[in-house]
Amino acid sequence: MSRNKFPPKPKYDPDTGPVYLYGLHTVRAALDNPLRIKKALLATPNGLNRLKEGGEIGKVKVTETTPKELDRLLGGEAVHQGVALEVDPVSRFGLDDIAQPKLVVVLDQLTDPHNVGAILRTACAFGADAVITTARHSPRETGVMAKAASGALDLVPMIEVRNLGNAIETLKARGMTVLGFDSEASEQLRPRTDDRPMVVVMGAEGKGLRQRTRELCDEMVRLDMPGPIKSLNVSNAAAIALFAATAGRVS
């Protein structure tokens, strides 16, 4: 019985292998982040030229590649635009690193990297000071998350905490109002008319907020939707929540 002397290479697993960021916006933001450790840049000639239009590459080692090789490395569904950057995961912050926060987004056990990345992007757009996730039941940093965040992973501090309740209590002690979202809440979400520092808490799809998280919220609200569809993807709900939470902000 013959044996294959050249077995296929094992498929790259983004959940256990190196962290590759891809896409022009995502890689550009990582290159511009002085706290990010960059290991190697894989780029097509065209991708490298487009990256350089946005700024310097720095001292990172550059290896010329082809679109097919990037497809093979990252998977055919990865929209890499000819660039991929191998990095260490982004530096995580602590609550004490954020001075006088005005807007913080808390994610209670969200595990989908697409949703977390999309919420990071929205949080960045609304000027959030930080996004807090749990050490357990939250996704590892991957190219999928970074691509969905479109650079926000390197622009908004990510804080990973072991005890979410303690973190919320710390924010409350610093004068922040905690607004939780639940489809069964009695109060309807309305645009804020005040400029109080705000914590927006979003739960996982299906499960929602855990009981302890719910108890620590100063207000619980729901999104009222008059149309035939009564639920939204959590990242879409977060965008509406952040718009309403910042409506009374003094610019």
# chains A, B, ... in the order shown; residues from 1 in each chain; ligands from 1
>>> select_by_dssp(residues="region 1-212 of chain A", states="alpha helix (DSSP H)", output="VMD selection string")
chain A and resid 24 to 32 45 to 52 67 to 74 113 to 125 143 to 149 164 to 173 211 to 212
>>> residues_around(residues="Thr142 (chain A)", least_positions_apart="4", cutoff="9 Å", atoms="only C-alpha atoms", output="ChimeraX atom specification")
/A:14-15,18-21,89,113,146-147
>>> residues_around(residues="region 115-121 of chain A", least_positions_apart="6", cutoff="12 Å", atoms="only C-alpha atoms", output="mmCIF file with all heavy atoms, in the first residue's frame")
data_model
loop_
_atom_site.group_PDB
_atom_site.id
_atom_site.type_symbol
_atom_site.label_atom_id
_atom_site.label_comp_id
_atom_site.auth_asym_id
_atom_site.auth_seq_id
_atom_site.Cartn_x
_atom_site.Cartn_y
_atom_site.Cartn_z
ATOM 1 N N HIS A 25 -7.507 48.719 5.880
ATOM 2 C CA HIS A 25 -7.807 49.561 7.044
ATOM 3 C C HIS A 25 -7.288 48.924 8.328
ATOM 4 O O HIS A 25 -6.695 49.599 9.186
ATOM 5 C CB HIS A 25 -9.311 49.807 7.161
ATOM 6 C CG HIS A 25 -9.863 50.725 6.119
ATOM 7 N ND1 HIS A 25 -9.465 52.036 5.986
ATOM 8 C CD2 HIS A 25 -10.789 50.522 5.148
ATOM 9 C CE1 HIS A 25 -10.109 52.604 4.976
ATOM 10 N NE2 HIS A 25 -10.922 51.702 4.454
ATOM 11 N N THR A 26 -7.511 47.627 8.460
ATOM 12 C CA THR A 26 -7.123 46.916 9.675
ATOM 13 C C THR A 26 -5.609 46.897 9.846
ATOM 14 O O THR A 26 -5.082 47.189 10.930
ATOM 15 C CB THR A 26 -7.666 45.480 9.632
ATOM 16 O OG1 THR A 26 -9.087 45.530 9.481
ATOM 17 C CG2 THR A 26 -7.315 44.727 10.902
ATOM 18 N N VAL A 104 -18.525 54.038 28.050
ATOM 19 C CA VAL A 104 -17.908 52.711 28.079
ATOM 20 C C VAL A 104 -18.945 51.690 27.610
ATOM 21 O O VAL A 104 -20.116 51.768 28.002
ATOM 22 C CB VAL A 104 -17.416 52.344 29.497
ATOM 23 C CG1 VAL A 104 -16.960 50.890 29.561
ATOM 24 C CG2 VAL A 104 -16.282 53.274 29.921
ATOM 25 N N VAL A 105 -18.529 50.748 26.779
ATOM 26 C CA VAL A 105 -19.400 49.676 26.319
ATOM 27 C C VAL A 105 -18.977 48.390 27.020
ATOM 28 O O VAL A 105 -17.801 48.026 27.015
ATOM 29 C CB VAL A 105 -19.315 49.496 24.794
ATOM 30 C CG1 VAL A 105 -20.224 48.354 24.342
ATOM 31 C CG2 VAL A 105 -19.690 50.791 24.087
ATOM 32 N N VAL A 106 -19.948 47.703 27.627
ATOM 33 C CA VAL A 106 -19.690 46.444 28.329
ATOM 34 C C VAL A 106 -20.396 45.323 27.582
ATOM 35 O O VAL A 106 -21.592 45.422 27.281
ATOM 36 C CB VAL A 106 -20.193 46.509 29.787
ATOM 37 C CG1 VAL A 106 -20.138 45.129 30.439
ATOM 38 C CG2 VAL A 106 -19.365 47.504 30.592
ATOM 39 N N LEU A 107 -19.662 44.252 27.291
ATOM 40 C CA LEU A 107 -20.213 43.100 26.585
ATOM 41 C C LEU A 107 -20.248 41.921 27.542
ATOM 42 O O LEU A 107 -19.205 41.448 28.002
ATOM 43 C CB LEU A 107 -19.356 42.776 25.359
ATOM 44 C CG LEU A 107 -19.119 43.934 24.375
ATOM 45 C CD1 LEU A 107 -18.276 43.472 23.206
ATOM 46 C CD2 LEU A 107 -20.443 44.527 23.900
ATOM 47 N N ASP A 108 -21.451 41.458 27.835
ATOM 48 C CA ASP A 108 -21.644 40.379 28.800
ATOM 49 C C ASP A 108 -21.653 39.031 28.086
ATOM 50 O O ASP A 108 -22.682 38.572 27.604
ATOM 51 C CB ASP A 108 -22.959 40.603 29.559
ATOM 52 C CG ASP A 108 -23.132 39.623 30.715
ATOM 53 O OD1 ASP A 108 -22.211 38.834 30.981
ATOM 54 O OD2 ASP A 108 -24.198 39.660 31.357
ATOM 55 N N GLN A 109 -20.473 38.435 27.972
ATOM 56 C CA GLN A 109 -20.288 37.103 27.394
ATOM 57 C C GLN A 109 -20.714 37.001 25.929
ATOM 58 O O GLN A 109 -21.324 36.012 25.513
ATOM 59 C CB GLN A 109 -21.012 36.044 28.237
ATOM 60 C CG GLN A 109 -20.461 35.925 29.652
ATOM 61 C CD GLN A 109 -20.960 34.699 30.385
ATOM 62 O OE1 GLN A 109 -21.972 34.106 30.024
ATOM 63 N NE2 GLN A 109 -20.257 34.297 31.422
ATOM 64 N N GLY A 127 -17.124 57.464 19.802
ATOM 65 C CA GLY A 127 -16.171 58.048 20.746
ATOM 66 C C GLY A 127 -16.091 57.345 22.083
ATOM 67 O O GLY A 127 -15.775 57.985 23.095
ATOM 68 N N ALA A 128 -16.370 56.039 22.123
ATOM 69 C CA ALA A 128 -16.284 55.309 23.389
ATOM 70 C C ALA A 128 -14.848 55.302 23.903
ATOM 71 O O ALA A 128 -13.889 55.237 23.136
ATOM 72 C CB ALA A 128 -16.781 53.881 23.213
ATOM 73 N N ASP A 129 -14.721 55.379 25.219
ATOM 74 C CA ASP A 129 -13.401 55.387 25.846
ATOM 75 C C ASP A 129 -12.831 53.983 26.002
ATOM 76 O O ASP A 129 -11.607 53.822 26.113
ATOM 77 C CB ASP A 129 -13.478 56.052 27.220
ATOM 78 C CG ASP A 129 -13.918 57.499 27.116
ATOM 79 O OD1 ASP A 129 -13.149 58.303 26.570
ATOM 80 O OD2 ASP A 129 -15.032 57.822 27.570
ATOM 81 N N ALA A 130 -13.688 52.974 26.030
ATOM 82 C CA ALA A 130 -13.228 51.599 26.204
ATOM 83 C C ALA A 130 -14.366 50.635 25.918
ATOM 84 O O ALA A 130 -15.544 50.995 25.990
ATOM 85 C CB ALA A 130 -12.702 51.370 27.618
ATOM 86 N N VAL A 131 -13.990 49.393 25.606
ATOM 87 C CA VAL A 131 -14.935 48.280 25.498
ATOM 88 C C VAL A 131 -14.461 47.206 26.469
ATOM 89 O O VAL A 131 -13.292 46.808 26.444
ATOM 90 C CB VAL A 131 -15.004 47.721 24.065
ATOM 91 C CG1 VAL A 131 -15.847 46.451 24.023
ATOM 92 C CG2 VAL A 131 -15.569 48.766 23.110
ATOM 93 N N ILE A 132 -15.370 46.751 27.326
ATOM 94 C CA ILE A 132 -15.027 45.761 28.346
ATOM 95 C C ILE A 132 -15.622 44.417 27.967
ATOM 96 O O ILE A 132 -16.807 44.318 27.627
ATOM 97 C CB ILE A 132 -15.537 46.197 29.733
ATOM 98 C CG1 ILE A 132 -14.849 47.493 30.167
ATOM 99 C CG2 ILE A 132 -15.310 45.105 30.771
ATOM 100 C CD1 ILE A 132 -15.346 48.025 31.505
ATOM 101 N N THR A 133 -14.803 43.370 28.037
ATOM 102 C CA THR A 133 -15.260 42.009 27.800
ATOM 103 C C THR A 133 -14.860 41.139 28.982
ATOM 104 O O THR A 133 -14.037 41.533 29.805
ATOM 105 C CB THR A 133 -14.659 41.410 26.511
ATOM 106 O OG1 THR A 133 -13.237 41.299 26.680
ATOM 107 C CG2 THR A 133 -14.950 42.285 25.311
ATOM 108 N N THR A 134 -15.438 39.959 29.039
ATOM 109 C CA THR A 134 -15.109 39.018 30.104
ATOM 110 C C THR A 134 -13.930 38.142 29.686
ATOM 111 O O THR A 134 -13.743 37.850 28.511
ATOM 112 C CB THR A 134 -16.309 38.118 30.432
ATOM 113 O OG1 THR A 134 -16.789 37.524 29.216
ATOM 114 C CG2 THR A 134 -17.429 38.930 31.066
ATOM 115 N N HIS A 137 -15.670 33.244 28.058
ATOM 116 C CA HIS A 137 -16.846 33.414 27.197
ATOM 117 C C HIS A 137 -16.761 34.686 26.362
ATOM 118 O O HIS A 137 -17.744 35.426 26.214
ATOM 119 C CB HIS A 137 -18.136 33.405 28.022
ATOM 120 C CG HIS A 137 -18.302 32.196 28.872
ATOM 121 N ND1 HIS A 137 -18.498 30.946 28.350
ATOM 122 C CD2 HIS A 137 -18.269 32.042 30.227
ATOM 123 C CE1 HIS A 137 -18.600 30.062 29.339
ATOM 124 N NE2 HIS A 137 -18.455 30.705 30.476
ATOM 125 N N SER A 138 -15.573 34.961 25.838
ATOM 126 C CA SER A 138 -15.410 36.041 24.879
ATOM 127 C C SER A 138 -14.398 35.566 23.845
ATOM 128 O O SER A 138 -13.534 34.742 24.155
ATOM 129 C CB SER A 138 -14.935 37.328 25.556
ATOM 130 O OG SER A 138 -13.676 37.144 26.163
ATOM 131 N N PRO A 139 -14.502 36.038 22.601
ATOM 132 C CA PRO A 139 -13.662 35.476 21.539
ATOM 133 C C PRO A 139 -12.210 35.919 21.621
ATOM 134 O O PRO A 139 -11.902 37.017 22.083
ATOM 135 C CB PRO A 139 -14.321 36.005 20.263
ATOM 136 C CG PRO A 139 -14.979 37.274 20.683
ATOM 137 C CD PRO A 139 -15.433 37.049 22.090
ATOM 138 N N ARG A 140 -11.328 35.030 21.175
ATOM 139 C CA ARG A 140 -9.918 35.375 21.013
ATOM 140 C C ARG A 140 -9.799 36.379 19.876
ATOM 141 O O ARG A 140 -10.594 36.382 18.939
ATOM 142 C CB ARG A 140 -9.144 34.101 20.682
ATOM 143 C CG ARG A 140 -7.664 34.273 20.353
ATOM 144 C CD ARG A 140 -7.067 32.909 20.000
ATOM 145 N NE ARG A 140 -5.629 32.974 19.784
ATOM 146 C CZ ARG A 140 -5.035 33.009 18.593
ATOM 147 N NH1 ARG A 140 -5.791 33.019 17.500
ATOM 148 N NH2 ARG A 140 -3.728 33.050 18.481
ATOM 149 N N GLU A 141 -8.793 37.229 19.954
ATOM 150 C CA GLU A 141 -8.561 38.158 18.851
ATOM 151 C C GLU A 141 -8.187 37.371 17.600
ATOM 152 O O GLU A 141 -7.286 36.540 17.615
ATOM 153 C CB GLU A 141 -7.431 39.127 19.209
ATOM 154 C CG GLU A 141 -7.150 40.116 18.094
ATOM 155 C CD GLU A 141 -6.024 41.079 18.424
ATOM 156 O OE1 GLU A 141 -5.748 41.289 19.626
ATOM 157 O OE2 GLU A 141 -5.428 41.609 17.483
ATOM 158 N N THR A 142 -8.900 37.633 16.527
ATOM 159 C CA THR A 142 -8.632 36.971 15.254
ATOM 160 C C THR A 142 -8.743 37.994 14.136
ATOM 161 O O THR A 142 -9.228 39.109 14.323
ATOM 162 C CB THR A 142 -9.648 35.840 14.976
ATOM 163 O OG1 THR A 142 -10.969 36.423 14.906
ATOM 164 C CG2 THR A 142 -9.604 34.774 16.050
ATOM 165 N N GLY A 143 -8.308 37.571 12.938
ATOM 166 C CA GLY A 143 -8.456 38.432 11.785
ATOM 167 C C GLY A 143 -9.909 38.728 11.478
ATOM 168 O O GLY A 143 -10.239 39.815 11.001
ATOM 169 N N VAL A 144 -10.793 37.780 11.761
ATOM 170 C CA VAL A 144 -12.228 37.994 11.543
ATOM 171 C C VAL A 144 -12.726 39.141 12.408
ATOM 172 O O VAL A 144 -13.430 40.044 11.936
ATOM 173 C CB VAL A 144 -13.017 36.703 11.852
ATOM 174 C CG1 VAL A 144 -14.514 36.979 11.869
ATOM 175 C CG2 VAL A 144 -12.704 35.631 10.823
ATOM 176 N N MET A 145 -12.361 39.129 13.693
ATOM 177 C CA MET A 145 -12.780 40.212 14.584
ATOM 178 C C MET A 145 -12.181 41.538 14.144
ATOM 179 O O MET A 145 -12.876 42.564 14.087
ATOM 180 C CB MET A 145 -12.350 39.915 16.026
ATOM 181 C CG MET A 145 -12.781 40.993 17.009
ATOM 182 S SD MET A 145 -11.907 40.927 18.589
ATOM 183 C CE MET A 145 -12.481 39.360 19.222
ATOM 184 N N ALA A 146 -10.891 41.530 13.831
ATOM 185 C CA ALA A 146 -10.217 42.766 13.448
ATOM 186 C C ALA A 146 -10.782 43.341 12.154
ATOM 187 O O ALA A 146 -10.926 44.552 12.005
ATOM 188 C CB ALA A 146 -8.721 42.522 13.310
ATOM 189 N N LYS A 147 -11.109 42.449 11.204
ATOM 190 C CA LYS A 147 -11.679 42.911 9.939
ATOM 191 C C LYS A 147 -13.042 43.548 10.167
ATOM 192 O O LYS A 147 -13.354 44.605 9.599
ATOM 193 C CB LYS A 147 -11.789 41.740 8.967
ATOM 194 C CG LYS A 147 -12.369 42.098 7.597
ATOM 195 C CD LYS A 147 -11.454 43.023 6.827
ATOM 196 C CE LYS A 147 -11.980 43.275 5.424
ATOM 197 N NZ LYS A 147 -11.155 44.253 4.673
ATOM 198 N N ALA A 148 -13.878 42.922 11.008
ATOM 199 C CA ALA A 148 -15.192 43.490 11.322
ATOM 200 C C ALA A 148 -15.051 44.825 12.038
ATOM 201 O O ALA A 148 -15.883 45.714 11.887
ATOM 202 C CB ALA A 148 -15.998 42.510 12.175
ATOM 203 N N ALA A 149 -13.980 44.971 12.824
ATOM 204 C CA ALA A 149 -13.752 46.217 13.564
ATOM 205 C C ALA A 149 -13.182 47.313 12.680
ATOM 206 O O ALA A 149 -13.221 48.490 13.053
ATOM 207 C CB ALA A 149 -12.804 45.959 14.731
ATOM 208 N N SER A 150 -12.648 46.949 11.510
ATOM 209 C CA SER A 150 -12.128 47.903 10.529
ATOM 210 C C SER A 150 -11.133 48.886 11.145
ATOM 211 O O SER A 150 -11.212 50.090 10.924
ATOM 212 C CB SER A 150 -13.289 48.675 9.878
ATOM 213 O OG SER A 150 -12.840 49.405 8.743
ATOM 214 N N GLY A 151 -10.204 48.370 11.945
ATOM 215 C CA GLY A 151 -9.174 49.211 12.541
ATOM 216 C C GLY A 151 -9.447 49.619 13.970
ATOM 217 O O GLY A 151 -8.543 50.065 14.681
ATOM 218 N N ALA A 152 -10.689 49.481 14.431
ATOM 219 C CA ALA A 152 -11.053 49.951 15.768
ATOM 220 C C ALA A 152 -10.366 49.163 16.875
ATOM 221 O O ALA A 152 -10.203 49.655 17.990
ATOM 222 C CB ALA A 152 -12.572 49.896 15.957
ATOM 223 N N LEU A 153 -9.941 47.940 16.574
ATOM 224 C CA LEU A 153 -9.251 47.130 17.569
ATOM 225 C C LEU A 153 -7.973 47.801 18.038
ATOM 226 O O LEU A 153 -7.524 47.593 19.166
ATOM 227 C CB LEU A 153 -8.947 45.745 16.985
ATOM 228 C CG LEU A 153 -8.526 44.632 17.929
ATOM 229 C CD1 LEU A 153 -9.599 44.384 18.991
ATOM 230 C CD2 LEU A 153 -8.269 43.355 17.157
ATOM 231 N N ASP A 154 -7.387 48.625 17.179
ATOM 232 C CA ASP A 154 -6.170 49.352 17.530
ATOM 233 C C ASP A 154 -6.453 50.806 17.904
ATOM 234 O O ASP A 154 -5.525 51.583 18.109
ATOM 235 C CB ASP A 154 -5.181 49.306 16.361
ATOM 236 C CG ASP A 154 -4.490 47.960 16.255
ATOM 237 O OD1 ASP A 154 -3.490 47.755 16.947
ATOM 238 O OD2 ASP A 154 -4.978 47.097 15.496
ATOM 239 N N LEU A 155 -7.722 51.176 18.001
ATOM 240 C CA LEU A 155 -8.089 52.559 18.315
ATOM 241 C C LEU A 155 -8.878 52.699 19.610
ATOM 242 O O LEU A 155 -8.828 53.744 20.255
ATOM 243 C CB LEU A 155 -8.918 53.144 17.158
ATOM 244 C CG LEU A 155 -8.206 53.251 15.809
ATOM 245 C CD1 LEU A 155 -9.189 53.655 14.712
ATOM 246 C CD2 LEU A 155 -7.060 54.242 15.881
ATOM 247 N N VAL A 156 -9.619 51.655 19.993
ATOM 248 C CA VAL A 156 -10.412 51.692 21.230
ATOM 249 C C VAL A 156 -9.801 50.717 22.232
ATOM 250 O O VAL A 156 -9.634 49.535 21.917
ATOM 251 C CB VAL A 156 -11.879 51.296 20.958
ATOM 252 C CG1 VAL A 156 -12.682 51.296 22.258
ATOM 253 C CG2 VAL A 156 -12.510 52.245 19.956
ATOM 254 N N PRO A 157 -9.457 51.171 23.438
ATOM 255 C CA PRO A 157 -8.897 50.255 24.437
ATOM 256 C C PRO A 157 -9.855 49.118 24.756
ATOM 257 O O PRO A 157 -11.035 49.335 25.002
ATOM 258 C CB PRO A 157 -8.690 51.159 25.669
ATOM 259 C CG PRO A 157 -8.536 52.525 25.107
ATOM 260 C CD PRO A 157 -9.450 52.571 23.914
ATOM 261 N N MET A 158 -9.325 47.897 24.717
ATOM 262 C CA MET A 158 -10.086 46.710 25.107
ATOM 263 C C MET A 158 -9.666 46.334 26.529
ATOM 264 O O MET A 158 -8.476 46.217 26.822
ATOM 265 C CB MET A 158 -9.793 45.554 24.167
ATOM 266 C CG MET A 158 -10.437 45.683 22.813
ATOM 267 S SD MET A 158 -12.143 45.085 22.793
ATOM 268 C CE MET A 158 -11.892 43.315 22.884
ATOM 269 N N ILE A 159 -10.651 46.165 27.410
ATOM 270 C CA ILE A 159 -10.384 45.788 28.796
ATOM 271 C C ILE A 159 -11.010 44.426 29.035
ATOM 272 O O ILE A 159 -12.207 44.243 28.817
ATOM 273 C CB ILE A 159 -10.963 46.822 29.772
ATOM 274 C CG1 ILE A 159 -10.318 48.187 29.548
ATOM 275 C CG2 ILE A 159 -10.777 46.370 31.216
ATOM 276 C CD1 ILE A 159 -10.943 49.308 30.368
ATOM 277 N N VAL A 200 -22.912 51.460 28.640
ATOM 278 C CA VAL A 200 -23.918 50.740 27.858
ATOM 279 C C VAL A 200 -23.584 49.250 27.918
ATOM 280 O O VAL A 200 -22.500 48.836 27.517
ATOM 281 C CB VAL A 200 -23.951 51.233 26.400
ATOM 282 C CG1 VAL A 200 -24.887 50.374 25.561
ATOM 283 C CG2 VAL A 200 -24.382 52.700 26.346
ATOM 284 N N VAL A 201 -24.531 48.447 28.431
ATOM 285 C CA VAL A 201 -24.284 47.023 28.647
ATOM 286 C C VAL A 201 -25.144 46.207 27.692
ATOM 287 O O VAL A 201 -26.372 46.321 27.679
ATOM 288 C CB VAL A 201 -24.604 46.614 30.102
ATOM 289 C CG1 VAL A 201 -24.149 45.171 30.352
ATOM 290 C CG2 VAL A 201 -23.934 47.555 31.099
ATOM 291 N N MET A 202 -24.470 45.376 26.893
ATOM 292 C CA MET A 202 -25.153 44.528 25.927
ATOM 293 C C MET A 202 -24.907 43.064 26.268
ATOM 294 O O MET A 202 -23.781 42.666 26.596
ATOM 295 C CB MET A 202 -24.643 44.805 24.503
ATOM 296 C CG MET A 202 -24.665 46.264 24.070
ATOM 297 S SD MET A 202 -26.325 46.998 24.012
ATOM 298 C CE MET A 202 -27.111 45.967 22.766
ATOM 299 N N GLY A 203 -25.960 42.254 26.185
ATOM 300 C CA GLY A 203 -25.839 40.827 26.466
ATOM 301 C C GLY A 203 -25.735 40.002 25.200
ATOM 302 O O GLY A 203 -25.940 40.498 24.087
ATOM 303 N N ALA A 204 -25.405 38.737 25.379
ATOM 304 C CA ALA A 204 -25.280 37.826 24.247
ATOM 305 C C ALA A 204 -26.644 37.578 23.616
ATOM 306 O O ALA A 204 -27.673 37.596 24.297
ATOM 307 C CB ALA A 204 -24.668 36.508 24.712
ATOM 308 N N GLU A 205 -26.645 37.362 22.309
ATOM 309 C CA GLU A 205 -27.903 37.065 21.622
ATOM 310 C C GLU A 205 -28.495 35.769 22.165
ATOM 311 O O GLU A 205 -27.807 34.792 22.382
ATOM 312 C CB GLU A 205 -27.650 36.932 20.118
ATOM 313 C CG GLU A 205 -27.355 38.252 19.444
ATOM 314 C CD GLU A 205 -27.341 38.131 17.929
ATOM 315 O OE1 GLU A 205 -28.415 37.873 17.351
ATOM 316 O OE2 GLU A 205 -26.273 38.300 17.331
ATOM 317 N N LEU A 232 -33.099 42.364 16.675
ATOM 318 C CA LEU A 232 -31.981 42.793 15.848
ATOM 319 C C LEU A 232 -30.730 42.038 16.251
ATOM 320 O O LEU A 232 -30.592 41.596 17.392
ATOM 321 C CB LEU A 232 -31.724 44.298 16.022
ATOM 322 C CG LEU A 232 -32.742 45.279 15.450
ATOM 323 C CD1 LEU A 232 -32.340 46.701 15.828
ATOM 324 C CD2 LEU A 232 -32.835 45.147 13.945
ATOM 325 N N ASN A 233 -29.806 41.917 15.318
ATOM 326 C CA ASN A 233 -28.478 41.447 15.646
ATOM 327 C C ASN A 233 -27.901 42.365 16.731
ATOM 328 O O ASN A 233 -28.133 43.571 16.733
ATOM 329 C CB ASN A 233 -27.617 41.497 14.371
ATOM 330 C CG ASN A 233 -26.176 41.168 14.620
ATOM 331 O OD1 ASN A 233 -25.418 41.995 15.109
ATOM 332 N ND2 ASN A 233 -25.780 39.970 14.279
ATOM 333 N N VAL A 234 -27.134 41.795 17.666
ATOM 334 C CA VAL A 234 -26.656 42.570 18.808
ATOM 335 C C VAL A 234 -25.781 43.739 18.380
ATOM 336 O O VAL A 234 -25.787 44.794 19.028
ATOM 337 C CB VAL A 234 -25.917 41.655 19.809
ATOM 338 C CG1 VAL A 234 -24.641 41.085 19.218
ATOM 339 C CG2 VAL A 234 -25.618 42.401 21.109
ATOM 340 N N SER A 235 -25.036 43.604 17.289
ATOM 341 C CA SER A 235 -24.206 44.722 16.851
ATOM 342 C C SER A 235 -25.052 45.874 16.314
ATOM 343 O O SER A 235 -24.731 47.051 16.512
ATOM 344 C CB SER A 235 -23.198 44.258 15.789
ATOM 345 O OG SER A 235 -23.842 43.785 14.637
ATOM 346 N N ASN A 236 -26.171 45.549 15.645
ATOM 347 C CA ASN A 236 -27.094 46.594 15.193
ATOM 348 C C ASN A 236 -27.777 47.261 16.384
ATOM 349 O O ASN A 236 -27.960 48.481 16.417
ATOM 350 C CB ASN A 236 -28.140 46.006 14.249
ATOM 351 C CG ASN A 236 -27.542 45.533 12.946
ATOM 352 O OD1 ASN A 236 -26.570 46.086 12.473
ATOM 353 N ND2 ASN A 236 -28.116 44.498 12.369
ATOM 354 N N ALA A 237 -28.169 46.444 17.359
ATOM 355 C CA ALA A 237 -28.794 46.990 18.564
ATOM 356 C C ALA A 237 -27.822 47.904 19.300
ATOM 357 O O ALA A 237 -28.214 48.951 19.842
ATOM 358 C CB ALA A 237 -29.250 45.854 19.476
ATOM 359 N N ALA A 238 -26.547 47.543 19.326
ATOM 360 C CA ALA A 238 -25.548 48.364 20.002
ATOM 361 C C ALA A 238 -25.417 49.725 19.328
ATOM 362 O O ALA A 238 -25.235 50.750 20.003
ATOM 363 C CB ALA A 238 -24.202 47.647 20.018
ATOM 364 N N ALA A 239 -25.506 49.772 18.005
ATOM 365 C CA ALA A 239 -25.412 51.039 17.290
ATOM 366 C C ALA A 239 -26.562 51.967 17.677
ATOM 367 O O ALA A 239 -26.367 53.169 17.928
ATOM 368 C CB ALA A 239 -25.406 50.788 15.782
ATOM 369 N N ILE A 240 -27.777 51.413 17.747
ATOM 370 C CA ILE A 240 -28.932 52.223 18.154
ATOM 371 C C ILE A 240 -28.774 52.676 19.604
ATOM 372 O O ILE A 240 -29.051 53.830 19.951
ATOM 373 C CB ILE A 240 -30.233 51.417 17.970
ATOM 374 C CG1 ILE A 240 -30.437 51.080 16.494
ATOM 375 C CG2 ILE A 240 -31.429 52.175 18.524
ATOM 376 C CD1 ILE A 240 -31.573 50.119 16.230
ATOM 377 N N ALA A 241 -28.320 51.773 20.452
ATOM 378 C CA ALA A 241 -28.138 52.094 21.869
ATOM 379 C C ALA A 241 -27.134 53.220 22.054
ATOM 380 O O ALA A 241 -27.357 54.149 22.851
ATOM 381 C CB ALA A 241 -27.681 50.845 22.623
ATOM 382 N N LEU A 242 -26.030 53.163 21.346
ATOM 383 C CA LEU A 242 -25.003 54.194 21.492
ATOM 384 C C LEU A 242 -25.466 55.535 20.928
ATOM 385 O O LEU A 242 -25.140 56.595 21.470
ATOM 386 C CB LEU A 242 -23.715 53.742 20.809
ATOM 387 C CG LEU A 242 -22.959 52.635 21.551
ATOM 388 C CD1 LEU A 242 -21.840 52.076 20.694
ATOM 389 C CD2 LEU A 242 -22.406 53.161 22.862
#
>>> atom_distance(atom1="CA of Leu164 (chain A)", atom2="CA of Ser186 (chain A)")
23.9 Å
>>> closest_residue(among="A:Pro101, A:Gly94, A:Gly165, A:Gly82", to="Leu42 (chain A)", atoms="only C-alpha atoms")
A:Gly82
>>> select_by_dssp(residues="region 80-203 of chain A", states="strand (DSSP E)", output="PyMOL selection string")
chain A and resi 83-87+103-108+130-134+158-161+177-181+187-188+198-203
>>> closest_residue(among="A:Glu56, A:Glu64, A:Glu77, A:Asp218", to="Val27 (chain A)", atoms="only C-alpha atoms")
A:Glu56
>>> residues_around(residues="Gly55 (chain A)", least_positions_apart="3", cutoff="12 Å", atoms="only C-alpha atoms", output="PyMOL selection string")
chain A and resi 24-25+27-33+48-52+58
>>> closest_residue(among="A:Leu110, A:Val62, A:Ala244, A:Leu223", to="Leu209 (chain A)", atoms="only C-alpha atoms")
A:Leu110
>>> atom_distance(atom1="CA of Ser183 (chain A)", atom2="CA of Met220 (chain A)")
9.4 Å
>>> residues_around(residues="Asp224 (chain A)", least_positions_apart="2", cutoff="8 Å", atoms="only C-alpha atoms", output="MDAnalysis selection string")
chainID A and resid 188:189 222 226 230
